[in-house]
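K.L.:
Got a structure for you, questions after.
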Amino acid sequence: VCDRYVYTSYVNMVARGYTKEKWFKNVSKHILKPDIKFLAYVKPSEAIKRIKARPEEKDKYLDEGLLTKVARLFKKVAQKDKFLIINTIGDEKDSFKIVKEVLKKEEYKLEKIGIQEVIVETKNGTFEHSSINEIVVRDEDLNTCELEVLVNDACLEDFVGDGLLISTSFGSTAYNLSFGGSIVFNTFHTLQITPVAPLNSKAYRSLTNSVIVPDNIPIKLIPKRNDGNVIITVDGDNNFYEGVLSIETVIKKTIKVLRMNDYNFIQKINDKFLK
(Lines give C-alpha, C1' and ligand atoms only; values in the text may rest on other atoms or scores of the structure.)
Protein backbone atom coordinates (compact mmCIF):
# COMPACT_ATOMS: atom_id res chain seq x y z
CA VAL A 1 0.00 0.00 0.00
CA CYS A 2 1.53 3.34 -1.09
CA ASP A 3 0.30 6.85 -0.37
CA ARG A 4 2.15 8.04 -3.50
CA TYR A 5 3.35 6.23 -6.59
CA VAL A 6 4.81 6.82 -10.04
CA TYR A 7 1.73 8.85 -11.03
CA THR A 8 2.73 11.59 -8.57
CA SER A 9 6.19 11.90 -10.14
CA TYR A 10 4.74 11.97 -13.65
CA VAL A 11 2.09 14.62 -12.91
CA ASN A 12 4.53 16.89 -11.08
CA MET A 13 7.05 16.65 -13.94
CA VAL A 14 4.47 17.52 -16.59
CA ALA A 15 3.04 20.36 -14.47
CA ARG A 16 6.52 21.89 -14.34
CA GLY A 17 6.94 21.68 -18.11
CA TYR A 18 8.98 18.48 -18.42
CA THR A 19 6.92 16.95 -21.22
CA LYS A 20 9.67 15.33 -23.30
CA GLU A 21 11.22 13.06 -20.67
CA LYS A 22 11.14 9.82 -22.69
CA TRP A 23 13.50 8.09 -20.24
CA PHE A 24 10.88 8.43 -17.48
CA LYS A 25 8.17 6.81 -19.58
CA ASN A 26 10.52 4.00 -20.60
CA VAL A 27 11.47 3.29 -16.98
CA SER A 28 7.83 3.48 -15.86
CA LYS A 29 6.88 0.63 -18.19
CA HIS A 30 8.75 -1.77 -15.91
CA ILE A 31 7.15 -0.60 -12.66
CA LEU A 32 4.46 -2.80 -11.13
CA LYS A 33 0.93 -1.69 -11.92
CA PRO A 34 -1.34 -1.30 -8.88
CA ASP A 35 -4.39 -3.54 -8.55
CA ILE A 36 -6.50 -0.60 -7.41
CA LYS A 37 -5.94 3.16 -7.40
CA PHE A 38 -7.64 5.92 -5.40
CA LEU A 39 -7.33 9.68 -5.93
CA ALA A 40 -8.17 11.65 -2.80
CA TYR A 41 -9.24 14.94 -4.39
CA VAL A 42 -9.83 18.37 -2.89
CA LYS A 43 -9.59 21.86 -4.39
CA PRO A 44 -6.06 23.32 -4.26
CA SER A 45 -7.24 26.25 -2.11
CA GLU A 46 -8.58 23.82 0.50
CA ALA A 47 -5.41 21.71 0.28
CA ILE A 48 -3.32 24.82 1.03
CA LYS A 49 -5.48 25.62 4.08
CA ARG A 50 -4.95 22.10 5.43
CA ILE A 51 -1.20 22.24 4.88
CA LYS A 52 -0.91 25.68 6.51
CA ALA A 53 -2.87 24.37 9.51
CA ARG A 54 0.07 22.12 10.39
CA PRO A 55 2.33 23.97 12.85
CA GLU A 56 5.52 22.80 11.13
CA GLU A 57 4.31 24.04 7.73
CA LYS A 58 2.41 27.21 8.57
CA ASP A 59 5.09 29.42 6.93
CA LYS A 60 5.71 27.17 3.95
CA TYR A 61 5.47 28.80 0.51
CA LEU A 62 2.96 27.07 -1.75
CA ASP A 63 2.38 27.92 -5.40
CA GLU A 64 -1.41 27.73 -5.83
CA GLY A 65 -1.07 28.06 -9.61
CA LEU A 66 1.21 25.03 -9.77
CA LEU A 67 -1.03 23.06 -7.41
CA THR A 68 -4.04 23.86 -9.60
CA LYS A 69 -2.19 22.56 -12.64
CA VAL A 70 -1.14 19.41 -10.76
CA ALA A 71 -4.73 18.81 -9.62
CA ARG A 72 -6.06 19.19 -13.17
CA LEU A 73 -3.46 16.81 -14.60
CA PHE A 74 -4.06 14.29 -11.82
CA LYS A 75 -7.75 14.21 -12.66
CA LYS A 76 -6.95 13.49 -16.32
CA VAL A 77 -4.58 10.67 -15.38
CA ALA A 78 -7.11 9.29 -12.90
CA GLN A 79 -9.89 9.23 -15.49
CA LYS A 80 -7.63 7.64 -18.11
CA ASP A 81 -6.23 4.96 -15.77
CA LYS A 82 -9.57 4.29 -14.04
CA PHE A 83 -8.79 5.59 -10.56
CA LEU A 84 -11.58 5.81 -8.04
CA ILE A 85 -11.79 9.57 -7.36
CA ILE A 86 -12.90 10.44 -3.83
CA ASN A 87 -13.91 13.98 -2.90
CA THR A 88 -12.28 14.49 0.50
CA ILE A 89 -13.82 17.87 1.36
CA GLY A 90 -15.90 16.26 4.12
CA ASP A 91 -15.09 14.16 7.16
CA GLU A 92 -12.21 11.72 6.65
CA LYS A 93 -14.40 8.93 8.05
CA ASP A 94 -16.68 9.32 5.03
CA SER A 95 -13.72 8.90 2.68
CA PHE A 96 -12.53 5.75 4.46
CA LYS A 97 -16.07 4.39 4.33
CA ILE A 98 -16.05 4.69 0.53
CA VAL A 99 -12.70 2.90 0.33
CA LYS A 100 -13.96 0.07 2.55
CA GLU A 101 -17.10 -0.36 0.45
CA VAL A 102 -15.03 -0.63 -2.74
CA LEU A 103 -12.74 -3.24 -1.18
CA LYS A 104 -15.73 -5.32 -0.12
CA LYS A 105 -16.81 -5.82 -3.72
CA GLU A 106 -16.32 -9.23 -5.28
CA GLU A 107 -13.62 -8.22 -7.77
CA TYR A 108 -11.03 -8.21 -4.97
CA LYS A 109 -9.80 -10.98 -2.73
CA LEU A 110 -7.54 -11.25 0.30
CA GLU A 111 -4.52 -13.54 0.45
CA LYS A 112 -2.27 -14.22 3.41
CA ILE A 113 1.52 -14.19 3.17
CA GLY A 114 3.96 -15.35 5.82
CA ILE A 115 6.30 -12.94 7.62
CA GLN A 116 9.61 -14.19 8.99
CA GLU A 117 10.46 -13.02 12.47
CA VAL A 118 14.20 -12.75 13.10
CA ILE A 119 15.91 -12.75 16.50
CA VAL A 120 19.61 -11.86 16.63
CA GLU A 121 21.36 -12.86 19.87
CA THR A 122 24.64 -11.02 20.47
CA LYS A 123 27.06 -10.58 23.38
CA ASN A 124 25.60 -7.09 23.79
CA GLY A 125 21.89 -7.88 23.64
CA THR A 126 19.01 -9.16 21.57
CA PHE A 127 17.70 -7.54 18.39
CA GLU A 128 14.54 -8.31 16.40
CA HIS A 129 13.55 -7.84 12.75
CA SER A 130 10.60 -8.75 10.54
CA SER A 131 10.99 -9.58 6.87
CA ILE A 132 8.53 -9.87 4.01
CA ASN A 133 11.07 -11.00 1.39
CA GLU A 134 14.41 -12.23 2.72
CA ILE A 135 17.38 -11.93 5.02
CA VAL A 136 20.98 -12.43 3.89
CA VAL A 137 23.76 -13.29 6.35
CA ARG A 138 27.38 -12.54 5.35
CA ASP A 139 30.75 -12.00 6.96
CA GLU A 140 31.38 -8.45 8.17
CA ASP A 141 34.29 -8.02 5.71
CA LEU A 142 32.55 -10.01 2.95
CA ASN A 143 35.11 -12.79 3.39
CA THR A 144 34.23 -16.48 3.47
CA CYS A 145 31.39 -17.04 5.90
CA GLU A 146 31.09 -20.15 8.08
CA LEU A 147 27.71 -20.87 9.67
CA GLU A 148 26.30 -23.86 11.52
CA VAL A 149 22.74 -24.32 10.25
CA LEU A 150 20.12 -25.87 12.54
CA VAL A 151 16.54 -26.64 11.52
CA ASN A 152 14.25 -27.36 14.45
CA ASP A 153 17.43 -27.88 16.54
CA ALA A 154 18.77 -30.59 14.18
CA CYS A 155 22.03 -29.84 12.36
CA LEU A 156 21.45 -29.41 8.63
CA GLU A 157 25.01 -28.44 7.65
CA ASP A 158 28.17 -26.54 8.50
CA PHE A 159 27.95 -24.02 5.70
CA VAL A 160 31.02 -22.36 4.16
CA GLY A 161 30.65 -19.82 1.37
CA ASP A 162 29.84 -16.18 0.67
CA GLY A 163 26.67 -16.26 2.77
CA LEU A 164 23.19 -17.66 3.28
CA LEU A 165 19.89 -16.22 2.10
CA ILE A 166 16.62 -17.12 3.83
CA SER A 167 13.52 -16.09 1.92
CA THR A 168 9.79 -16.26 2.48
CA SER A 169 7.53 -17.77 -0.17
CA PHE A 170 6.50 -14.24 -1.11
CA GLY A 171 10.17 -13.32 -1.56
CA SER A 172 11.11 -16.45 -3.50
CA THR A 173 10.88 -14.61 -6.84
CA ALA A 174 13.15 -11.77 -5.67
CA TYR A 175 16.81 -11.94 -4.55
CA ASN A 176 16.43 -15.66 -3.85
CA LEU A 177 15.85 -16.43 -7.52
CA SER A 178 19.09 -14.76 -8.60
CA PHE A 179 21.04 -17.26 -6.47
CA GLY A 180 19.32 -20.28 -7.97
CA GLY A 181 16.61 -20.68 -5.34
CA SER A 182 13.23 -22.20 -6.16
CA ILE A 183 10.03 -20.32 -6.96
CA VAL A 184 7.48 -21.11 -4.25
CA PHE A 185 3.75 -20.42 -4.53
CA ASN A 186 3.32 -17.11 -2.74
CA THR A 187 0.55 -18.22 -0.36
CA PHE A 188 2.66 -21.08 1.05
CA HIS A 189 4.06 -20.03 4.42
CA THR A 190 7.59 -21.40 4.04
CA LEU A 191 11.19 -20.34 4.52
CA GLN A 192 13.81 -21.23 1.95
CA ILE A 193 17.52 -21.54 2.80
CA THR A 194 19.52 -20.67 -0.32
CA PRO A 195 23.35 -20.80 -0.40
CA VAL A 196 25.32 -17.88 -1.81
CA ALA A 197 28.44 -19.22 -3.59
CA PRO A 198 28.83 -22.32 -1.36
CA LEU A 199 32.16 -24.16 -1.07
CA ASN A 200 31.84 -27.87 -1.76
CA SER A 201 35.13 -29.75 -1.82
CA LYS A 202 37.04 -32.44 0.08
CA ALA A 203 37.72 -29.91 2.83
CA TYR A 204 34.29 -28.23 2.93
CA ARG A 205 30.90 -29.88 2.44
CA SER A 206 28.08 -27.38 1.87
CA LEU A 207 24.71 -27.90 0.23
CA THR A 208 24.57 -26.37 -3.23
CA ASN A 209 20.76 -26.41 -3.47
CA SER A 210 18.11 -24.63 -1.47
CA VAL A 211 16.13 -26.27 1.33
CA ILE A 212 12.47 -25.36 1.98
CA VAL A 213 11.14 -25.39 5.55
CA PRO A 214 7.44 -25.11 6.58
CA ASP A 215 6.04 -22.50 8.93
CA ASN A 216 6.49 -22.80 12.70
CA ILE A 217 9.80 -24.64 12.18
CA PRO A 218 12.70 -22.45 13.40
CA ILE A 219 15.96 -22.02 11.50
CA LYS A 220 19.03 -21.10 13.53
CA LEU A 221 22.38 -19.87 12.20
CA ILE A 222 25.46 -19.87 14.44
CA PRO A 223 28.50 -17.92 13.15
CA LYS A 224 31.79 -19.81 13.47
CA ARG A 225 34.28 -17.19 12.29
CA ASN A 226 35.41 -13.58 12.78
CA ASP A 227 34.15 -13.42 16.40
CA GLY A 228 30.57 -13.50 15.14
CA ASN A 229 30.82 -10.17 13.33
CA VAL A 230 28.31 -10.30 10.48
CA ILE A 231 26.15 -8.25 8.14
CA ILE A 232 22.46 -9.16 8.20
CA THR A 233 20.54 -7.66 5.29
CA VAL A 234 16.79 -7.51 5.96
CA ASP A 235 14.74 -6.73 2.84
CA GLY A 236 17.65 -4.72 1.42
CA ASP A 237 18.53 -2.91 4.67
CA ASN A 238 22.07 -3.69 5.94
CA ASN A 239 22.59 -4.22 9.68
CA PHE A 240 26.08 -4.67 11.16
CA TYR A 241 26.38 -6.79 14.31
CA GLU A 242 29.36 -7.67 16.48
CA GLY A 243 29.63 -10.79 18.61
CA VAL A 244 26.62 -12.60 17.19
CA LEU A 245 25.86 -15.81 19.07
CA SER A 246 22.91 -16.93 16.94
CA ILE A 247 20.37 -15.80 14.35
CA GLU A 248 16.98 -17.47 14.57
CA THR A 249 14.12 -17.02 12.13
CA VAL A 250 10.66 -18.57 11.84
CA ILE A 251 7.27 -17.89 10.26
CA LYS A 252 4.47 -17.66 12.79
CA LYS A 253 2.54 -14.62 11.58
CA THR A 254 0.84 -13.63 8.34
CA ILE A 255 -0.31 -10.35 6.81
CA LYS A 256 -3.16 -9.81 4.38
CA VAL A 257 -2.58 -8.81 0.76
CA LEU A 258 -5.28 -7.35 -1.47
CA ARG A 259 -5.49 -8.96 -4.92
CA MET A 260 -7.68 -8.63 -7.97
CA ASN A 261 -9.97 -11.64 -8.35
CA ASP A 262 -8.32 -12.53 -11.65
CA TYR A 263 -4.80 -12.44 -10.14
CA ASN A 264 -2.97 -15.61 -11.15
CA PHE A 265 0.43 -16.35 -9.61
CA ILE A 266 1.47 -18.80 -12.33
CA GLN A 267 0.56 -16.33 -15.07
CA LYS A 268 2.57 -13.64 -13.24
CA ILE A 269 5.64 -15.88 -13.31
CA ASN A 270 5.22 -16.43 -17.04
CA ASP A 271 4.73 -12.70 -17.71
CA LYS A 272 7.61 -11.60 -15.46
CA PHE A 273 10.31 -14.08 -16.40
CA LEU A 274 9.47 -15.48 -19.82
CA LYS A 275 8.11 -12.51 -21.80
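Residues in the C-alpha coordinates are named by chain (A, B, ... in the order shown) and by number from 1 within that chain; ligands are numbered from 1 in the order shown.
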Could you pull the residues within 7 Å of range 80-90 of chain A, counting only C-alpha atoms, minus those fewer than 4 positions along the same chain, as a list of chain:residue names?
P.N.:
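Near range 80-90 of chain A, the qualifying residues are A:Lys37, A:Phe38, A:Leu39, A:Ala40, A:Tyr41, A:Val42, A:Lys76, A:Ser95.
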K.L.:
Which neighbours of Asn264 in chain A fall inside 12 Å, counting only C-alpha atoms, when residues of the same chain fewer than 5 positions from it are skipped, and could you give them as a list in words?
P.N.:
Lys109, Glu111, Phe185, Asn186, Thr187, Arg259, Ile269, Asn270 and Asp271 of chain A
K.L.:
So the first atom is CA of Gly243 in chain A and the second is CA of Thr144 in chain A; what is the distance between them in Å, to one decimal place?
P.N.:
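These atoms are spaced 16.8 Å apart.
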K.L.:
Give me, as a ChimeraX atom specification, all polymer residues having an atom no more than 12 Å from Ala203 in chain A, counting only C-alpha atoms and skipping those fewer than 4 positions away in the same chain.
P.N.:
/A:158-160,199
K.L.:
List the neighbours of Thr208 in chain A out to 9 Å using only C-alpha atoms; skip same-chain residues closer than 5 positions along the sequence, and give me the result as a count of residues only.
P.N.:
7
K.L.:
Set the distance at 12 Å and use only C-alpha atoms: which residues neighbour Glu117 in chain A once local chain neighbours fewer than 4 positions away are removed? I'd like the list as a PyMOL selection string.
P.N.:
chain A and resi 127-135+166-168+191+215-220+234+247-254
K.L.:
As an MDAnalysis selection string, please: every residue in range 148-222 of chain A that DSSP puts in alpha helix (DSSP H).
P.N.:
chainID A and resid 175:178
K.L.:
For the residues in that selection, give me N, CA and C atoms as a CSV table (one decimal), in the first residue's frame.
P.N.:
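Writing the result to selection_33.csv gives the following:
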```csv
chain,number,residue,atom,x,y,z
A,175,TYR,N,15.4,-11.7,-4.7
A,175,TYR,CA,16.8,-11.9,-4.6
A,175,TYR,C,17.1,-13.4,-4.6
A,176,ASN,N,16.3,-14.2,-3.9
A,176,ASN,CA,16.4,-15.7,-3.8
A,176,ASN,C,16.6,-16.3,-5.2
A,177,LEU,N,15.8,-15.8,-6.2
A,177,LEU,CA,15.8,-16.4,-7.5
A,177,LEU,C,17.2,-16.2,-8.2
A,178,SER,N,17.8,-15.1,-7.9
A,178,SER,CA,19.1,-14.8,-8.6
A,178,SER,C,20.2,-15.7,-8.1
```
K.L.:
Can you work out which one of A:Ser28, A:Lys58, A:Lys93, A:Thr122 has the shortest atom-to-atom distance to Tyr5 in chain A, counting only C-alpha atoms?
P.N.:
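Of A:Ser28, A:Lys58, A:Lys93, A:Thr122, the one nearest Tyr5 in chain A, counting only C-alpha atoms, is A:Ser28.
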K.L.:
Between A:Ala154, A:Leu165, A:Val120, A:Val230, which residue has the minimum interatomic distance to Ser210 in chain A, considering only C-alpha atoms?
P.N.:
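The answer is A:Leu165, which sits nearest to Ser210 in chain A.
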